[in-house]
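Enquirer: Handing you a structure now.
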Amino acid sequence: MQTPSHLLLAGALSVPLRRRVSVSLPAVLVGSVLPDIPFTLLTIWGEIYYRWFAPLPQPGSIMEYLHFTLFFTDPLWIVAHNFFHSLLIASALLLVGLWGMRRRAGWGAWLFWMAASLLLHIIIDLLTHTSDGPLIWFPVNWSYHFASPVSYWERDAWGSLFIVGEYALDLVLLIYLARKFWPRGGARRA
């Protein structure tokens, strides 16, 4: 699933949850996108570096080299992309956050909700990545990629159909969130 979709879904799921428990919305929103930030930054850096400062080490496009070579072979890319995509790391963060909450530490609830959102992101990615799934057992295992039968982008794994559904879901979530947070009536605007 694409990063903005993770953000919209986490935001929408937090609305009814906030009626029942005290949810840290900033933590949920950070956790929803945090796993994808290192990959995005590395991609931007790689695009700039190989476009203006160094020749590409192999034939092909810069994006192919970054996403199909470095993504699977370079330790920096592997660690950066998989650290927050790890079920083990996210679960450990969730437990530490829960421990902090029970000790009434101010950071506990924030860490708990951020880690819960990380886990939601990871589960969605497990269900929507075929050849490029996250290393869910990282750092214990650096090679096992769960291969879902459905991909959010690969045409051979329903990607063309999935992207239409994802955009439709994004539209529904945007409308839902707009209705929940957009001021209604003149009294609320004043």
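Starting from 1 in every chain, residues are counted up; chains themselves are A, B, ... following the order of the structure tokens, and ligands are numbered from 1 as listed.
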Quick one: everything within 7 Å of segment 4-7 of chain A, counting only C-alpha atoms, minus sequence neighbours fewer than 2 positions away in the same chain. Send it as a tab-separated table (two decimals) with all heavy atoms, in the first residue's frame.

Expert:
chain	number	residue	atom	x	y	z
A	1	MET	N	0.85	-1.17	0.00
A	1	MET	CA	0.00	0.00	0.00
A	1	MET	C	0.90	1.23	0.00
A	1	MET	O	1.97	1.23	0.59
A	1	MET	CB	-0.90	-0.04	1.24
A	1	MET	CG	-1.94	1.05	1.27
A	1	MET	SD	-3.06	0.87	2.67
A	1	MET	CE	-4.38	-0.04	1.90
A	2	GLN	N	0.44	2.26	-0.61
A	2	GLN	CA	1.22	3.49	-0.69
A	2	GLN	C	1.16	4.24	0.64
A	2	GLN	O	0.18	4.15	1.39
A	2	GLN	CB	0.70	4.37	-1.82
A	2	GLN	CG	0.89	3.68	-3.18
A	2	GLN	CD	0.40	4.54	-4.30
A	2	GLN	OE1	0.97	5.60	-4.54
A	2	GLN	NE2	-0.66	4.10	-4.96
A	9	LEU	N	-5.68	5.67	6.43
A	9	LEU	CA	-6.31	4.55	7.13
A	9	LEU	C	-6.10	4.65	8.64
A	9	LEU	O	-7.04	4.47	9.42
A	9	LEU	CB	-5.76	3.22	6.60
A	9	LEU	CG	-6.42	1.95	7.13
A	9	LEU	CD1	-7.91	1.94	6.82
A	9	LEU	CD2	-5.75	0.73	6.52
A	10	ALA	N	-4.88	4.96	9.06
A	10	ALA	CA	-4.61	5.09	10.49
A	10	ALA	C	-5.42	6.25	11.09
A	10	ALA	O	-5.97	6.12	12.19
A	10	ALA	CB	-3.12	5.30	10.73
A	11	GLY	N	-5.48	7.35	10.37
A	11	GLY	CA	-6.27	8.48	10.86
A	11	GLY	C	-7.73	8.13	10.99
A	11	GLY	O	-8.38	8.46	11.99
A	29	LEU	N	-0.31	8.74	13.73
A	29	LEU	CA	0.03	9.24	12.40
A	29	LEU	C	1.51	9.06	12.09
A	29	LEU	O	1.87	8.67	10.98
A	29	LEU	CB	-0.39	10.70	12.26
A	29	LEU	CG	-1.90	10.97	12.38
A	29	LEU	CD1	-2.19	12.46	12.27
A	29	LEU	CD2	-2.68	10.17	11.35
A	32	SER	N	2.15	5.43	11.33
A	32	SER	CA	1.58	4.97	10.05
A	32	SER	C	2.51	5.21	8.87
A	32	SER	O	2.43	4.50	7.88
A	32	SER	CB	0.23	5.65	9.81
A	32	SER	OG	0.38	7.02	9.48
A	33	VAL	N	3.39	6.20	8.97
A	33	VAL	CA	4.28	6.51	7.84
A	33	VAL	C	5.75	6.21	8.14
A	33	VAL	O	6.56	6.13	7.22
A	33	VAL	CB	4.14	7.98	7.38
A	33	VAL	CG1	2.73	8.23	6.87
A	33	VAL	CG2	4.52	8.96	8.47
A	121	HIS	N	0.68	-0.93	9.93
A	121	HIS	CA	1.39	-0.70	8.67
A	121	HIS	C	2.05	-2.00	8.20
A	121	HIS	O	1.94	-2.36	7.03
A	121	HIS	CB	2.44	0.39	8.88
A	121	HIS	CG	3.21	0.75	7.64
A	121	HIS	ND1	3.16	1.99	7.09
A	121	HIS	CD2	4.05	0.02	6.85
A	121	HIS	CE1	3.93	2.03	6.01
A	121	HIS	NE2	4.48	0.84	5.86
A	170	ASP	N	-8.95	5.42	-0.57
A	170	ASP	CA	-8.42	6.74	-0.19
A	170	ASP	C	-9.49	7.81	-0.30
A	170	ASP	O	-9.61	8.67	0.59
A	170	ASP	CB	-7.22	7.11	-1.06
A	170	ASP	CG	-5.97	6.31	-0.75
A	170	ASP	OD1	-5.96	5.58	0.27
A	170	ASP	OD2	-5.01	6.41	-1.52

Enquirer: Might you pull out every residue within 9 Å of Lys180 of chain A, with only C-alpha atoms counted and same-chain residues fewer than 4 positions away left off, and present them as a list in words?

Expert: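 Surrounding residues, per the criterion: Val15, Ile175 and Tyr176 of chain A.
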
Enquirer: Could the residues in this selection be written to a file with N, CA and C atoms, as an mmCIF file, in the first residue's frame?

Expert:
data_model
loop_
_atom_site.group_PDB
_atom_site.id
_atom_site.type_symbol
_atom_site.label_atom_id
_atom_site.label_comp_id
_atom_site.auth_asym_id
_atom_site.auth_seq_id
_atom_site.Cartn_x
_atom_site.Cartn_y
_atom_site.Cartn_z
ATOM 1 N N VAL A 15 -10.397 7.581 14.705
ATOM 2 C CA VAL A 15 -11.589 8.367 15.048
ATOM 3 C C VAL A 15 -12.526 7.589 15.969
ATOM 4 N N ILE A 175 -13.173 11.540 2.428
ATOM 5 C CA ILE A 175 -14.528 12.061 2.662
ATOM 6 C C ILE A 175 -14.914 11.847 4.124
ATOM 7 N N TYR A 176 -14.652 10.663 4.644
ATOM 8 C CA TYR A 176 -14.958 10.351 6.044
ATOM 9 C C TYR A 176 -14.235 11.309 6.992
#

Enquirer: Taking the DSSP assignment computed from this structure's backbone, write out as JSON, numbers by chain all residues of chain A that belong to alpha helix (DSSP H).

Expert: {"A": [3, 4, 5, 6, 7, 8, 9, 10, 11, 12, 13, 14, 15, 16, 17, 18, 25, 26, 27, 28, 29, 30, 31, 32, 33, 37, 38, 39, 40, 41, 42, 43, 44, 45, 46, 47, 48, 62, 63, 64, 65, 71, 72, 73, 75, 76, 77, 78, 79, 80, 81, 82, 87, 88, 89, 90, 91, 92, 93, 94, 95, 96, 97, 98, 99, 100, 101, 102, 106, 107, 108, 109, 110, 111, 112, 113, 114, 115, 116, 117, 118, 119, 120, 121, 122, 123, 124, 125, 126, 127, 128, 159, 160, 161, 162, 163, 164, 165, 166, 167, 168, 169, 170, 171, 172, 173, 174, 175, 176, 177, 178, 179, 180, 181, 185, 186, 187, 188, 189]}

Enquirer: Please determine, counting only C-alpha atoms, which residue among A:Leu8, A:Val96, A:Val21, A:Ile122 has the shortest atom-to-atom distance to Leu34 of chain A.

Expert: A:Ile122

Enquirer: Under the rule that only C-alpha atoms are counted, which of A:Ile37, A:Glu47, A:Val28, A:Ile62 is the nearest residue to Ala12 of chain A?

Expert: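 The answer is A:Val28, which sits nearest to Ala12 of chain A.
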
Enquirer: What's the 9 Å shell around Glu154 of chain A, counting only C-alpha atoms, without same-chain residues fewer than 5 positions away, as JSON, numbers by chain?

Expert: {"A": [129, 130, 131, 159, 160]}

Enquirer: Could you work out how far atom CA of His81 of chain A lies from atom CA of Ser143 of chain A, giving the answer in Å with one decimal?

Expert: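 Going from atom CA of Ser143 of chain A over to atom CA of His81 of chain A, I get 13.0 Å.
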
Enquirer: Can you list, as a CSV table (one decimal) with C-alpha atoms, in the first residue's frame, every protein, DNA or RNA residue that comes within 8 Å of Ser148 of chain A when you count only C-alpha atoms, leaving out same-chain residues fewer than 2 positions away?

Expert:
chain,number,residue,atom,x,y,z
A,126,LEU,CA,2.5,-8.2,4.5
A,127,LEU,CA,-0.8,-8.4,2.6
A,128,THR,CA,0.1,-6.1,-0.3
A,129,HIS,CA,3.7,-6.9,-1.2
A,130,THR,CA,4.7,-9.9,-3.4
A,133,GLY,CA,7.8,-7.7,1.1
A,146,PHE,CA,6.9,-12.8,3.0
A,150,VAL,CA,-1.5,-9.7,-3.9
A,151,SER,CA,0.7,-6.7,-4.7

Enquirer: For Leu118 of chain A, which residue out of A:Ile89, A:Leu98, A:Leu66, A:Leu25 is the nearest one, using only C-alpha atoms?

Expert: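 Selected residue with least distance to Leu118 of chain A: A:Ile89.
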
Enquirer: Give me the residues within 9 Å of Ala92 of chain A as number ranges by chain, counting only C-alpha atoms and dropping any in the same chain fewer than 5 places off.

Expert: A: 87, 97, 115

Enquirer: Within 8 Å of Ser24 of chain A, counting only C-alpha atoms, which residues show up once you throw out same-chain ones fewer than 6 positions away? Write them as a PyMOL selection string, please.

Expert: chain A and resi 109-110+113

Enquirer: Using C-alpha atoms, can you write the selected residues to a file as a PDB file, in the first residue's frame?

Expert:
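Below is the file selection26.pdb, written as the result:
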ATOM      1  CA  ALA A 109       1.200   6.066  25.702  1.00  0.00           C
ATOM      2  CA  TRP A 110       2.899   7.844  22.801  1.00  0.00           C
ATOM      3  CA  TRP A 113       0.200   4.093  19.955  1.00  0.00           C
TER       4      TRP A 113
END
